[in-house]
file run-v1.txt (compact mmCIF, C-alpha atoms)
# COMPACT_ATOMS: atom_id res chain seq x y z
CA MET A 1033 94.39 -96.68 -8.52
CA GLU A 1034 97.22 -95.06 -6.59
CA GLY A 1035 99.21 -94.67 -9.81
CA VAL A 1036 96.27 -93.00 -11.50
CA THR A 1037 95.88 -90.63 -8.57
CA LYS A 1038 99.49 -89.54 -8.96
CA LEU A 1039 98.97 -88.91 -12.67
CA LEU A 1040 95.67 -87.05 -12.32
CA LEU A 1041 94.91 -84.25 -9.88
CA LYS A 1042 91.43 -84.76 -8.47
CA GLN A 1043 89.32 -81.59 -8.65
CA LYS A 1044 85.79 -81.80 -7.31
CA MET A 1045 84.63 -78.77 -9.29
CA MET A 1046 85.93 -80.10 -12.62
CA ARG A 1047 84.44 -83.52 -11.94
CA GLY A 1048 81.10 -81.84 -11.28
CA VAL A 1049 81.30 -79.96 -14.58
CA LEU A 1050 82.05 -83.19 -16.44
CA LEU A 1051 79.12 -84.88 -14.72
CA SER A 1052 76.78 -82.05 -15.74
CA LEU A 1053 77.92 -82.36 -19.37
CA THR A 1054 77.27 -86.11 -19.48
CA PRO A 1055 73.57 -85.90 -20.51
CA ALA A 1056 74.42 -83.58 -23.41
CA ALA A 1057 77.23 -85.92 -24.47
CA LEU A 1058 74.89 -88.94 -24.39
CA TRP A 1059 72.34 -87.00 -26.43
CA ALA A 1060 75.07 -86.23 -28.97
CA VAL A 1061 75.88 -89.91 -29.40
CA HIS A 1062 72.18 -90.76 -29.71
CA SER A 1063 71.74 -88.03 -32.33
CA TYR A 1064 74.92 -88.33 -34.38
CA GLY A 1065 76.19 -91.85 -33.78
CA TRP A 1066 79.36 -93.23 -32.29
CA ARG A 1067 81.44 -90.89 -34.43
CA ALA A 1068 80.44 -88.10 -32.03
CA ALA A 1069 81.60 -90.23 -29.10
CA PHE A 1070 84.95 -90.78 -30.83
CA ILE A 1071 85.43 -87.04 -31.37
CA LEU A 1072 84.68 -86.34 -27.71
CA PHE A 1073 86.93 -89.16 -26.50
CA SER A 1074 89.79 -88.10 -28.79
CA THR A 1075 89.71 -84.43 -27.77
CA MET A 1076 89.63 -85.33 -24.08
CA LEU A 1077 92.42 -87.89 -24.45
CA ALA A 1078 94.57 -85.51 -26.52
CA ALA A 1079 94.10 -82.73 -23.95
CA LEU A 1080 95.02 -85.10 -21.10
CA LEU A 1081 98.12 -86.47 -22.82
CA THR A 1082 99.30 -83.05 -23.98
CA GLU A 1083 99.18 -81.61 -20.48
CA GLY A 1084 100.76 -84.80 -19.21
CA ALA A 1085 103.67 -84.38 -21.61
CA PHE A 1086 104.48 -81.13 -19.80
CA LEU A 1087 103.81 -82.25 -16.22
CA TRP A 1088 104.51 -85.97 -15.86
CA PRO A 1089 108.27 -85.65 -16.58
CA ARG A 1090 108.34 -83.18 -13.66
CA LYS A 1091 106.38 -85.68 -11.51
CA LYS A 1092 103.35 -83.39 -11.37
CA PRO A 1093 99.75 -84.58 -11.90
CA VAL A 1094 97.53 -83.37 -14.71
CA SER A 1095 94.53 -81.31 -13.65
CA GLU A 1096 91.05 -82.65 -14.37
CA ALA A 1097 90.50 -79.27 -16.00
CA ALA A 1098 92.28 -80.72 -19.03
CA LEU A 1099 89.43 -83.20 -19.44
CA VAL A 1100 86.91 -80.34 -19.21
CA THR A 1101 88.82 -78.46 -21.91
CA GLY A 1102 88.73 -81.51 -24.16
CA ALA A 1103 85.03 -82.11 -23.50
CA LEU A 1104 84.01 -78.51 -24.21
CA LEU A 1105 86.12 -78.43 -27.36
CA GLY A 1106 84.62 -81.70 -28.60
CA LEU A 1107 81.06 -80.59 -27.90
CA SER A 1108 81.65 -77.37 -29.86
CA LEU A 1109 82.78 -79.19 -33.03
CA PRO A 1110 80.58 -80.36 -35.94
CA PRO A 1111 79.88 -84.11 -36.08
CA ALA A 1112 81.22 -84.36 -39.65
CA LEU A 1113 84.61 -82.86 -38.80
CA PRO A 1114 87.56 -85.01 -39.98
CA LEU A 1115 88.52 -87.14 -36.99
CA TRP A 1116 92.12 -85.92 -36.76
CA MET A 1117 91.20 -82.24 -36.45
CA GLY A 1118 89.67 -82.53 -32.98
CA PRO A 1119 92.84 -83.88 -31.32
CA VAL A 1120 94.94 -81.26 -33.14
CA GLY A 1121 92.68 -78.56 -31.74
CA ALA A 1122 93.00 -80.08 -28.26
CA VAL A 1123 96.79 -79.99 -28.47
CA VAL A 1124 96.68 -76.32 -29.50
CA ALA A 1125 94.18 -75.59 -26.72
CA ILE A 1126 96.44 -77.02 -24.00
CA VAL A 1127 99.81 -75.84 -25.34
CA PHE A 1128 98.93 -72.33 -26.52
CA GLY A 1129 95.86 -71.72 -24.40
CA LYS A 1130 97.24 -72.96 -21.11
CA MET A 1131 100.77 -74.30 -20.72
CA VAL A 1132 102.62 -71.38 -22.34
CA PHE A 1133 101.10 -69.18 -19.63
CA GLY A 1134 102.24 -71.41 -16.78
CA GLY A 1135 99.57 -74.12 -16.63
CA PHE A 1136 96.37 -74.48 -14.65
CA GLY A 1137 95.15 -71.28 -13.04
CA MET A 1138 97.46 -69.06 -15.09
CA ASN A 1139 95.74 -68.98 -18.50
CA PRO A 1140 94.17 -65.63 -19.47
CA PHE A 1141 92.08 -67.22 -22.24
CA ASN A 1142 89.66 -70.13 -22.21
CA PRO A 1143 91.74 -73.00 -23.65
CA ALA A 1144 88.82 -74.76 -25.34
CA MET A 1145 87.99 -71.62 -27.31
CA VAL A 1146 91.65 -71.17 -28.23
CA GLY A 1147 91.57 -74.66 -29.73
CA ARG A 1148 88.25 -74.14 -31.53
CA THR A 1149 89.35 -70.80 -32.93
CA PHE A 1150 92.48 -72.43 -34.32
CA ILE A 1151 90.47 -75.15 -36.06
CA TYR A 1152 87.95 -72.58 -37.32
CA LEU A 1153 90.62 -70.36 -38.86
CA ALA A 1154 92.94 -73.11 -40.07
CA PHE A 1155 90.27 -75.38 -41.53
CA PRO A 1156 87.26 -73.15 -42.26
CA LEU A 1157 85.67 -75.41 -44.88
CA ALA A 1158 85.61 -78.39 -42.54
CA MET A 1159 84.03 -76.24 -39.82
CA THR A 1160 81.38 -74.48 -41.89
CA THR A 1161 80.32 -76.42 -44.99
CA ALA A 1162 79.41 -79.94 -43.81
CA TRP A 1163 76.87 -80.37 -41.02
CA SER A 1164 74.72 -83.24 -39.79
CA GLN A 1165 71.06 -83.50 -38.93
CA PRO A 1166 70.17 -85.62 -35.87
CA ALA A 1167 69.35 -89.21 -36.79
CA ASP A 1168 65.67 -89.89 -37.37
CA LEU A 1169 65.72 -93.59 -36.47
CA PRO A 1170 64.16 -95.71 -33.71
CA LEU A 1171 67.49 -95.95 -31.91
CA GLY A 1172 68.74 -92.59 -33.12
CA GLY A 1173 72.40 -92.85 -34.04
CA LEU A 1174 73.17 -95.60 -31.54
CA ALA A 1175 73.03 -98.25 -34.26
CA SER A 1176 75.38 -96.42 -36.61
CA TRP A 1177 78.90 -95.00 -36.74
CA GLY A 1178 77.65 -91.61 -37.86
CA VAL A 1179 74.85 -89.84 -39.70
CA ASP A 1180 75.26 -88.46 -43.20
CA ALA A 1181 76.71 -84.98 -43.50
CA VAL A 1182 74.65 -82.38 -45.32
CA THR A 1183 75.66 -79.18 -47.06
CA GLY A 1184 73.43 -76.31 -46.10
CA ALA A 1185 72.59 -73.69 -43.54
CA THR A 1186 72.76 -74.52 -39.85
CA PRO A 1187 69.76 -73.50 -37.69
CA MET A 1188 71.59 -70.32 -36.72
CA VAL A 1189 72.26 -69.28 -40.32
CA ALA A 1190 68.75 -70.28 -41.35
CA ALA A 1191 67.33 -68.11 -38.57
CA GLU A 1192 69.36 -65.15 -39.80
CA GLN A 1193 67.91 -65.77 -43.26
CA GLY A 1194 64.38 -65.85 -41.88
CA SER A 1195 63.76 -69.58 -42.33
CA GLY A 1196 64.63 -71.00 -38.96
CA LEU A 1197 63.14 -73.89 -36.98
CA PRO A 1198 60.38 -73.45 -34.37
CA LEU A 1199 61.71 -72.50 -30.96
CA LEU A 1200 60.62 -75.80 -29.40
CA ASP A 1201 62.60 -77.74 -32.01
CA LEU A 1202 65.67 -75.63 -31.23
CA LEU A 1203 65.24 -76.20 -27.51
CA LEU A 1204 64.91 -79.97 -27.93
CA GLY A 1205 67.82 -80.29 -30.34
CA ARG A 1206 65.93 -81.21 -33.51
CA GLY A 1207 68.16 -79.11 -35.76
CA GLY A 1208 71.74 -79.54 -36.88
CA GLY A 1209 74.74 -77.89 -35.34
CA SER A 1210 77.79 -78.74 -33.32
CA ILE A 1211 77.93 -82.00 -31.40
CA GLY A 1212 76.76 -80.64 -28.07
CA GLU A 1213 74.94 -77.40 -28.82
CA GLY A 1214 71.67 -79.00 -29.92
CA ALA A 1215 70.74 -80.51 -26.56
CA ARG A 1216 69.94 -77.10 -25.13
CA ILE A 1217 67.43 -78.27 -22.55
CA LEU A 1218 70.06 -80.70 -21.22
CA LEU A 1219 72.71 -77.97 -21.25
CA VAL A 1220 70.41 -75.67 -19.29
CA LEU A 1221 69.71 -78.40 -16.71
CA GLY A 1222 73.42 -79.20 -16.46
CA GLY A 1223 74.20 -75.50 -16.21
CA LEU A 1224 71.70 -75.07 -13.38
CA TYR A 1225 73.38 -77.96 -11.59
CA ILE A 1226 76.81 -76.33 -11.64
CA LEU A 1227 75.27 -73.02 -10.55
CA ILE A 1228 73.52 -74.68 -7.60
CA LYS A 1229 76.75 -76.44 -6.66
CA LYS A 1230 78.53 -73.08 -7.02
CA TYR A 1231 80.97 -74.46 -9.56
CA ALA A 1232 80.10 -71.45 -11.73
CA LYS A 1233 78.94 -67.88 -11.05
CA TRP A 1234 75.38 -67.04 -12.01
CA ARG A 1235 76.37 -63.45 -12.84
CA HIS A 1236 78.47 -64.61 -15.77
CA VAL A 1237 75.55 -66.60 -17.17
CA ALA A 1238 72.92 -63.93 -16.59
CA ALA A 1239 75.05 -61.10 -17.95
CA THR A 1240 76.01 -63.05 -21.09
CA LEU A 1241 72.42 -63.97 -21.89
CA LEU A 1242 71.15 -60.46 -21.10
CA GLY A 1243 73.80 -58.92 -23.32
CA ALA A 1244 72.83 -61.19 -26.22
CA LEU A 1245 69.10 -60.69 -25.65
CA GLY A 1246 69.45 -56.92 -25.43
CA MET A 1247 71.61 -56.48 -28.52
CA SER A 1248 69.55 -58.87 -30.63
CA ALA A 1249 66.35 -57.08 -29.55
CA ILE A 1250 67.82 -53.75 -30.65
CA LEU A 1251 69.01 -55.01 -34.04
CA TRP A 1252 65.92 -57.13 -34.71
CA GLY A 1253 63.62 -54.29 -33.68
CA ALA A 1254 65.49 -51.95 -36.01
CA GLY A 1255 64.98 -54.38 -38.89
CA VAL A 1256 68.68 -55.01 -39.48
CA ASP A 1257 69.31 -57.69 -42.12
CA GLY A 1258 70.56 -60.93 -40.59
CA ALA A 1259 69.33 -60.10 -37.08
CA ALA A 1260 67.24 -62.87 -35.50
CA ASP A 1261 64.67 -62.31 -32.77
CA PRO A 1262 66.04 -62.48 -29.21
CA LEU A 1263 64.78 -65.98 -28.31
CA THR A 1264 66.03 -67.48 -31.57
CA THR A 1265 69.38 -65.80 -30.95
CA ILE A 1266 69.68 -67.52 -27.58
CA LEU A 1267 68.57 -70.92 -28.90
CA THR A 1268 70.86 -71.11 -31.92
CA GLY A 1269 74.58 -71.63 -32.19
CA GLY A 1270 76.69 -72.28 -29.13
CA LEU A 1271 75.34 -69.48 -26.94
CA ILE A 1272 73.71 -71.72 -24.32
CA LEU A 1273 76.77 -73.97 -24.09
CA GLY A 1274 79.01 -70.91 -23.96
CA ALA A 1275 77.02 -68.94 -21.41
CA PHE A 1276 76.84 -71.76 -18.86
CA TYR A 1277 80.15 -73.51 -19.40
CA ILE A 1278 82.67 -71.22 -21.10
CA ALA A 1279 81.88 -67.68 -20.00
CA THR A 1280 81.89 -69.06 -16.43
CA ASP A 1281 85.47 -70.35 -16.59
CA PRO A 1282 86.77 -69.42 -13.10
CA VAL A 1283 90.27 -68.71 -14.41
CA SER A 1284 89.72 -66.62 -17.54
CA ALA A 1285 86.48 -64.83 -16.56
CA ALA A 1286 86.28 -61.59 -14.59
CA ARG A 1287 86.22 -62.22 -10.84
CA THR A 1288 84.80 -59.04 -9.27
CA LYS A 1289 81.02 -58.55 -9.07
CA PRO A 1290 80.84 -55.39 -11.21
CA GLY A 1291 83.50 -56.78 -13.53
CA SER A 1292 81.50 -59.99 -13.99
CA TRP A 1293 78.44 -58.06 -15.15
CA ILE A 1294 80.39 -55.93 -17.61
CA TYR A 1295 82.35 -58.92 -18.85
CA GLY A 1296 79.27 -61.06 -19.46
CA VAL A 1297 77.26 -58.31 -21.14
CA CYS A 1298 80.18 -57.58 -23.46
CA VAL A 1299 80.50 -61.26 -24.41
CA GLY A 1300 76.79 -61.44 -25.25
CA VAL A 1301 76.76 -58.17 -27.19
CA ILE A 1302 79.90 -58.99 -29.18
CA THR A 1303 78.55 -62.45 -30.02
CA VAL A 1304 75.47 -60.93 -31.64
CA LEU A 1305 77.42 -58.21 -33.42
CA ILE A 1306 79.78 -60.74 -34.98
CA ARG A 1307 76.89 -62.99 -36.01
CA VAL A 1308 75.09 -60.11 -37.74
CA TYR A 1309 77.93 -58.02 -39.16
CA GLY A 1310 80.93 -60.36 -39.22
CA ALA A 1311 82.13 -62.79 -41.84
CA PHE A 1312 81.90 -65.70 -39.39
CA ALA A 1313 78.59 -67.42 -38.70
CA GLU A 1314 79.26 -68.02 -35.00
CA GLY A 1315 80.65 -65.18 -32.94
CA PHE A 1316 80.82 -66.65 -29.45
CA MET A 1317 84.34 -68.05 -29.61
CA PHE A 1318 85.75 -64.68 -30.68
CA ALA A 1319 83.55 -62.85 -28.18
CA ILE A 1320 84.78 -64.98 -25.28
CA LEU A 1321 88.43 -64.39 -26.18
CA ILE A 1322 87.80 -60.63 -26.32
CA GLY A 1323 85.90 -60.91 -23.04
CA ASN A 1324 88.83 -62.77 -21.46
CA MET A 1325 91.12 -59.87 -22.31
CA LEU A 1326 88.57 -57.40 -20.93
CA GLY A 1327 88.09 -59.48 -17.78
CA SER A 1328 91.70 -59.06 -16.68
CA PHE A 1329 91.44 -55.30 -17.16
CA LEU A 1330 88.16 -55.15 -15.22
CA ASP A 1331 89.65 -57.07 -12.30
CA TRP A 1332 92.53 -54.61 -12.21
CA TRP A 1333 90.18 -51.64 -12.46
CA PHE A 1334 87.94 -52.72 -9.58
CA THR A 1335 90.58 -54.19 -7.25
CA ASP A 1336 94.29 -53.60 -7.90
CA ARG A 1337 93.77 -50.07 -9.22
CA LYS A 1338 91.81 -49.09 -6.11
CA THR A 1339 94.41 -50.66 -3.84
CA SER A 1340 97.29 -48.92 -5.58
CA ARG A 1341 95.55 -45.55 -5.36
CA GLU A 1342 94.85 -46.02 -1.65
CA GLY A 1343 98.51 -46.85 -1.09
CA LYS A 1344 99.72 -43.56 -2.54
call {"tool": "encode", "arguments": {"input": "run-v1.txt", "output": "structure tokens"}}
result
Amino acid sequence: MEGVTKLLLKQKMMRGVLLSLTPAALWAVHSYGWRAAFILFSTMLAALLTEGAFLWPRKKPVSEAALVTGALLGLSLPPALPLWMGPVGAVVAIVFGKMVFGGFGMNPFNPAMVGRTFIYLAFPLAMTTAWSQPADLPLGGLASWGVDAVTGATPMVAAEQGSGLPLLDLLLGRGGGSIGEGARILLVLGGLYILIKKYAKWRHVAATLLGALGMSAILWGAGVDGAADPLTTILTGGLILGAFYIATDPVSAARTKPGSWIYGVCVGVITVLIRVYGAFAEGFMFAILIGNMLGSFLDWWFTDRKTSREGK
């Protein structure tokens, strides 16, 4: 155990986040089979080993944040994704989303979304054309390696086309989607846990959801083609997972109170705009990267800028 401690930096906050994601991960395995578990395990292991390749030769431990990055990346991927793509995305997430900026605490972008964006742009067919419906069996997917992939619209795309699932089905994860996004009730409960434990800031969550609700209400009310109603917007795609677990990243999110509100609202608004007007079905990953860039500026505007002006 002592050797493991030297290799892995214990972080109570990151361990709490992993604990809160466990129910959603178990649901994913029950819904999509052990293939989903393998994708999650491989992305977490690849993230851990990649960061270790940078730090262990220098006798420095790997942060448990690497495991969180791998878990969030894995949960955001489709169950039918070729098995090698997840680890490749995890390597990109750690190297280009974290280590090139100096490692833990220095990354301006959320590493998991850097990795997912790479997979999305490099392998678009694998990310958008083959999806899986949750297993409709007595034991779910627990008795199988994986469920059959289907070609068709995801619940989010179907909602934009006016043929979406009932809201209760979306909340309980009865539609297809990425590995972890379907278990929305479990993600909400896990998200509330990390908010209560103060591992995440509630302003980031509230502002992101309000931004998405507000923009979708405007577009839907105006009758814009492809605009879903506000509740369907929240309960489709990766918005719940993103609002609670990605927009709240303590490193890449805005830190000031006013900056947090602006940052979150922008992430929510941009997510909806990309979904409706963009060429990509899911807009959250791009919205969070744009929000990360904006967050640094907002922190400067509300803190460093004021300090520099007072010093003149």
call {"tool": "closest_residue", "arguments": {"input": "run-v1.txt", "among": "A:Leu1039, A:Leu1115, A:Leu1241, A:Ala1079", "to": "Ile1272 of chain A", "atoms": "all atoms listed in the file"}}
result
A:Leu1241
call {"tool": "closest_atom_pairs", "arguments": {"input": "run-v1.txt", "of": "segment 1187-1306 of chain A", "to": "segment 1311-1332 of chain A", "cutoff": "6 Å", "atoms": "only C-alpha atoms", "output": "tab-separated table"}}
result
residue	atom	partner	partner_atom	distance
A:Ser1284	CA	A:Asn1324	CA	5.6
A:Ala1285	CA	A:Gly1327	CA	5.7
A:Ala1286	CA	A:Gly1327	CA	4.2
A:Gly1291	CA	A:Leu1330	CA	5.2
A:Tyr1295	CA	A:Gly1323	CA	5.8
A:Val1299	CA	A:Ala1319	CA	5.1
A:Ile1302	CA	A:Ala1319	CA	5.4
A:Thr1303	CA	A:Gly1315	CA	4.5
A:Ile1306	CA	A:Gly1315	CA	5.0
call {"tool": "residues_around", "arguments": {"input": "run-v1.txt", "residues": "Gly1172 of chain A", "least_positions_apart": "5", "cutoff": "8 Å", "atoms": "all atoms listed in the file", "output": "JSON, numbers by chain"}}
result
{"A": [1062, 1063, 1064, 1065, 1166, 1167]}
call {"tool": "residues_around", "arguments": {"input": "run-v1.txt", "residues": "segment 1121-1123 of chain A", "least_positions_apart": "5", "cutoff": "12 Å", "atoms": "only C-alpha atoms", "output": "PyMOL selection string"}}
result
chain A and resi 1071-1086+1098-1109+1113-1116+1128-1131+1143-1155
call {"tool": "closest_residue", "arguments": {"input": "run-v1.txt", "among": "A:Leu1200, A:Trp1059, A:Ala1097, A:Arg1067", "to": "Lys1042 of chain A", "atoms": "all atoms listed in the file"}}
result
A:Ala1097
